[in-house]
2 protein chains.
Amino acid sequence: MHEGYAVFFLGLGLLLGAARFLGELARRFHQPAVLGEIAAGILLGPTVLGAFAPGLSAFLFPAEGSLGVAMDALMTLSITLFLLVAGMEVDLSLAWRQGRSAVAVGLGGLIVPFGIAYLAGWLWPVFLGAHEVSGRVFPLFFATAMSISALPVIAKILIDLKMYRTDLGMIITAAAMLNDLVGWIVFAVIIGMVADAAPGVSVAMTIFLTVGFAATLLTAGRLAIDRVLPFIQAHASWPGGVIGFALAGALVCAALTEAIGIHAVFGAFLFGVALGDSVHLKERTRSTIDQFVSFVFAPLFFASIGLRVDFARHFDPALTAAVLAIAVAGKLIGCRIGGGWSGLPRREIWAVGFAMNARGAMEIILGLLALRYRVIEERMFVALVVMALVTSMAGGVMIERVLKRRRPVRFVDVLHAKGFVSPLRATDFSGTVEELSRVLSQAAGLPPGDVFRAVWERERTMSTAVGLGLAIPHARWPGLKNTVAAVGISDRGYDADAPDGVPVRLILLVLSPAGDDDQQLDLLVDIAKTFSTRERVQGALACRHLIEFRAFVNSLGDPAKD
Amino acid sequence: MHEGYAVFFLGLGLLLGAARFLGELARRFHQPAVLGEIAAGILLGPTVLGAFAPGLSAFLFPAEGSLGVAMDALMTLSITLFLLVAGMEVDLSLAWRQGRSAVAVGLGGLIVPFGIAYLAGWLWPVFLGAHEVSGRVFPLFFATAMSISALPVIAKILIDLKMYRTDLGMIITAAAMLNDLVGWIVFAVIIGMVADAAPGVSVAMTIFLTVGFAATLLTAGRLAIDRVLPFIQAHASWPGGVIGFALAGALVCAALTEAIGIHAVFGAFLFGVALGDSVHLKERTRSTIDQFVSFVFAPLFFASIGLRVDFARHFDPALTAAVLAIAVAGKLIGCRIGGGWSGLPRREIWAVGFAMNARGAMEIILGLLALRYRVIEERMFVALVVMALVTSMAGGVMIERVLKRRRPVRFVDVLHAKGFVSPLRATDFSGTVEELSRVLSQAAGLPPGDVFRAVWERERTMSTAVGLGLAIPHARWPGLKNTVAAVGISDRGYDADAPDGVPVRLILLVLSPAGDDDQQLDLLVDIAKTFSTRERVQGALACRHLIEFRAFVNSLGDPAKD
């Protein structure tokens, strides 16, 4: 296929670039990245580009021939590595420690939707897009697809809402882990039942091997990995030495599950669970695998989903609505029952339900496998993808509503596009605050003089210089709709009565709506934590424009998530 | 190819596991990892496994069919990403700053071997394994293959010898960068001359496009990347957000160079140079790409080289000797002339020559491309691989000899296999030293009482407790061949007159041969630097056996390389 490599690389490069761009765009609107990644594939695939320029889309991403084979192999490798990372996020001991609540919610959220969906799949296979109506496989698949949660998406929602380390967050996470683990094993068994998956291996044998493989890997395999890891770390290169061995193990396990007639993803997922459970796995190794897979392989895979199916042609509104209704009803009722049994407060039960309801990537992968094994039709696949995206998007919003929690705002989110002044020209601190107030007032359409007076009045009651050369003058402003902020950097230092006596050089001016005291406090704490060391302030002072300042703050991470 | 994925994943997993294992083994003997990685492919490929079980080797790694296509695509992707990382290591501004010396050595080490090898290739094409005797391409290829250095291998040798940040190290690195950059562009032009590489594009056009592409990417492209990076970093996820965009750019550039008739690796390499040159590229991003590629894609690719060719059948001793002689003579003479012209001292010139002589991965990649484009025969490819490995292995050894430098020893390298005691039983510090002396003496076959007396006599002149709970008792021992060391960990603390008054809990006992004062001092400094913070000492105290202790020390990195 040598002559095809130009097209192969061009296709990959465009797909990855578009997936990352739209993935970041989705994140900016607080949506899961997978939404943008699939959209990239829909744009470049048969649905959009194919509709306007069918030749170009087919040229870039041919389904047949050497290029098609190579793409398919790379995407299978990508999804296998994604499941390795998803498995590494499962912490069995955490799930165990949460005990009864996690087990109740996890099993309730698994069994109830499973039962409801099984019934629906058995009653209405034609309407629900079963490929073969007579088979007993379709109801089982549909039941599993409706009952598995998406641990990565759920974890992301909880982190965004600062709930990940709360008791409730731990219960949700543990329940989702149990749910995932049991659900995937059940699905592996179903795939094994699709007779022609592994010629020469009987269905009963596949089920026996699947359960045996999972049990062995999660007990003996887990112990063996825990023993071998320190040995590798003692003798291999640092920090990357373990990465290659981890991937080699995942690939061999993937091969084993393929050989027994279920998909490679299961082997990689179970190996990931066993590996991630070892206390010897260093954070650096985990993060390198996670980052590379999450930002290269996962976007490629999810974008490729959009390439496979014409989402416009196969969109069936009635089916999609039905799938969505069954999915949401099953999860909410199941978690309601499980949560009620374990004695959780009512409000929290609903939060757990909406969290567990997020499906994200996992249902899409299940759907893709089912499509490949000819269990479902394209329109059912499209319905599953839409359901997975809608439930993921709704998860965070609904939890916010139910628990009356607010997504914390970071000060970089409220920085005005014109609110960056470097260097400041004023000769004393009050002049500086006036200069910055003027810039921000003009940008936000407020009376400059009044803003300065309000800020300065607050400043005179007690200095907002917190030390290390940072000051955070601020004021509330009646009638302001949203909080706005501006940054000023000075080459000289100003005396602003800081507790450590260091002259102020970095000034962040914050204007909040009158009455929104919580958010103002959050922002001031966020700023103080972000610039908590001399190096961090120095780094900010070196920035020459807003983009650079944003990039620098971004590179420090979110202090609230540490 | 769905039925083939079990074999695909099994082959990949075995290949990666074997490559990483033998790569680490090579590193332990202070040899480049690529040596072990290629050996893994030779073991699993036609040369060894194929000789005993040809069916098995061909089953795991088929050259034809869907599996062959998928493997080939993955390996092409791997080498492309490896060249991206190699390009990222090139620092144009560093090369520029070293000025005349770097330019003289770089060009001398390029032009002279190029000239000598061109002559040889023109005179004896048959002997040298040219595929087509009449062509003008073979002498050009051979000349280029003899004149390109391997920057990654050279950098590794310099780091191992603690020479990377010396003036001489900078000159060598800068010269190798220039050498690489010019050499690769020349080779790209040659590949363009192989007429059937890109149907429909003339040779002159390919040359024009190659030089134009390189010039554009290294000027306008470099500036554009430098502008866009802060913008991406300001808005994308941290820390992995940039990774996907970096790879997307490399893939698109790879596609462009493929399209103009030269190989994808050139585009990725040049994009890497342009990207790596930006001060905005964060260390974390660079390291994540580097680690993942170096420990997954690179081992896979180099192991796959061993799969392609039967190294036993195609080994031609006379040809290999000739290639080795031409390669070494050309580089040494070229660098001698260049170095002499720039006024380097005689001894340093030879060191530069042997460093630039290391070929490592780069010549192997060139050889592989030449083999694929049918410029050379298999026996020439094998000779090139052997030459590349021999010159890489010789590099470090010869520089040590010429400069009379010694490879620094780390204390973990001299820890005795039985020299780990936890918890110590003694009740005071002198008892502890006696306990540890007894263990180490028995293990090393020395008289225990005498060893303790020697150590304790030294200890009484001045306490070796350096603070934070660490003590390093030590002594010289006449007749001891090699330095040995032991670790003792105590649950209680001992009063040992430490400067900070902290009771000693971590004790490292070091016995050196009489007369080897430099090494003893190096080791004591190494230990003190390794345990320079409270957290590091605490981490060591938590280790329960030697493997864990080694893994922990390994995870701290080598303080001498920071």
# chains A, B, ... in the order shown; residues from 1 in each chain; ligands from 1
>>> residues_around(residues="A:Leu140", least_positions_apart="6", cutoff="8 Å", atoms="only C-alpha atoms", output="list in words")
Tyr118, Gly121 and Ile190 of chain A
>>> write_last_selection(atoms="C-alpha atoms", output="short mmCIF file (atom, residue, chain, number, x, y, z; two decimals), in the first residue's frame")
data_model
loop_
_atom_site.label_atom_id
_atom_site.label_comp_id
_atom_site.auth_asym_id
_atom_site.auth_seq_id
_atom_site.Cartn_x
_atom_site.Cartn_y
_atom_site.Cartn_z
CA TYR A 118 -34.77 -6.78 27.92
CA GLY A 121 -36.11 -5.73 23.15
CA ILE A 190 -23.25 -11.86 24.75
#
>>> select_by_dssp(residues="stretch 418-532 of chain A", states="alpha helix (DSSP H)", output="MDAnalysis selection string")
chainID A and resid 429:444 448:461 517:530
>>> write_last_selection(atoms="C-alpha atoms", output="PDB file, in the first residue's frame")
ATOM      1  CA  PHE A 429      -0.834  51.943  43.868  1.00  0.00           C
ATOM      2  CA  SER A 430      -3.998  54.051  43.833  1.00  0.00           C
ATOM      3  CA  GLY A 431      -3.075  55.313  40.364  1.00  0.00           C
ATOM      4  CA  THR A 432      -2.664  51.715  39.240  1.00  0.00           C
ATOM      5  CA  VAL A 433      -6.060  50.717  40.542  1.00  0.00           C
ATOM      6  CA  GLU A 434      -7.526  53.748  38.781  1.00  0.00           C
ATOM      7  CA  GLU A 435      -5.770  52.836  35.515  1.00  0.00           C
ATOM      8  CA  LEU A 436      -7.046  49.266  35.663  1.00  0.00           C
ATOM      9  CA  SER A 437     -10.546  50.400  36.724  1.00  0.00           C
ATOM     10  CA  ARG A 438     -10.674  52.720  33.706  1.00  0.00           C
ATOM     11  CA  VAL A 439      -9.727  49.936  31.281  1.00  0.00           C
ATOM     12  CA  LEU A 440     -12.221  47.502  32.739  1.00  0.00           C
ATOM     13  CA  SER A 441     -15.019  50.082  32.971  1.00  0.00           C
ATOM     14  CA  GLN A 442     -14.612  51.088  29.347  1.00  0.00           C
ATOM     15  CA  ALA A 443     -14.579  47.459  28.259  1.00  0.00           C
ATOM     16  CA  ALA A 444     -17.658  46.614  30.331  1.00  0.00           C
ATOM     17  CA  PRO A 448     -14.953  54.679  35.169  1.00  0.00           C
ATOM     18  CA  GLY A 449     -14.815  57.153  38.004  1.00  0.00           C
ATOM     19  CA  ASP A 450     -17.526  55.487  40.075  1.00  0.00           C
ATOM     20  CA  VAL A 451     -15.958  52.043  39.616  1.00  0.00           C
ATOM     21  CA  PHE A 452     -12.610  53.325  40.823  1.00  0.00           C
ATOM     22  CA  ARG A 453     -14.184  55.003  43.857  1.00  0.00           C
ATOM     23  CA  ALA A 454     -16.012  51.795  44.831  1.00  0.00           C
ATOM     24  CA  VAL A 455     -12.849  49.701  44.482  1.00  0.00           C
ATOM     25  CA  TRP A 456     -10.683  52.196  46.290  1.00  0.00           C
ATOM     26  CA  GLU A 457     -13.151  52.559  49.135  1.00  0.00           C
ATOM     27  CA  ARG A 458     -13.021  48.800  49.683  1.00  0.00           C
ATOM     28  CA  GLU A 459      -9.216  48.884  49.378  1.00  0.00           C
ATOM     29  CA  ARG A 460      -8.904  51.507  52.110  1.00  0.00           C
ATOM     30  CA  THR A 461     -10.810  49.415  54.665  1.00  0.00           C
ATOM     31  CA  ASP A 517     -21.019  37.198  47.556  1.00  0.00           C
ATOM     32  CA  ASP A 518     -20.284  33.474  47.221  1.00  0.00           C
ATOM     33  CA  GLN A 519     -18.904  33.760  43.744  1.00  0.00           C
ATOM     34  CA  GLN A 520     -16.773  36.757  44.611  1.00  0.00           C
ATOM     35  CA  LEU A 521     -15.238  34.879  47.514  1.00  0.00           C
ATOM     36  CA  ASP A 522     -14.645  31.803  45.321  1.00  0.00           C
ATOM     37  CA  LEU A 523     -12.853  33.931  42.747  1.00  0.00           C
ATOM     38  CA  LEU A 524     -10.621  35.661  45.290  1.00  0.00           C
ATOM     39  CA  VAL A 525      -9.650  32.284  46.786  1.00  0.00           C
ATOM     40  CA  ASP A 526      -9.039  30.896  43.287  1.00  0.00           C
ATOM     41  CA  ILE A 527      -6.701  33.810  42.444  1.00  0.00           C
ATOM     42  CA  ALA A 528      -4.806  33.598  45.722  1.00  0.00           C
ATOM     43  CA  LYS A 529      -4.341  29.828  45.345  1.00  0.00           C
ATOM     44  CA  THR A 530      -3.293  30.087  41.717  1.00  0.00           C
TER      45      THR A 530
END
>>> interface_residues(of="chain B", to="chain A", cutoff="7 Å", atoms="only C-alpha atoms", output="ChimeraX atom specification")
/B:5-7,9-10,12-14,16-17,20,24,66,69-70,73,230-231,233-234,236,238-241,243-245,248-249,251-252,254-256,258-259,288,291-292,295-296,547-548,550-551,554-555,557
>>> residues_around(residues="B:Gly469", least_positions_apart="4", cutoff="9 Å", atoms="only C-alpha atoms", output="VMD selection string")
chain B and resid 465 493 to 494 498 500 to 507 534 537
>>> atom_distance(atom1="atom CA of A:Leu151", atom2="atom CA of A:Ala175")
9.4 Å
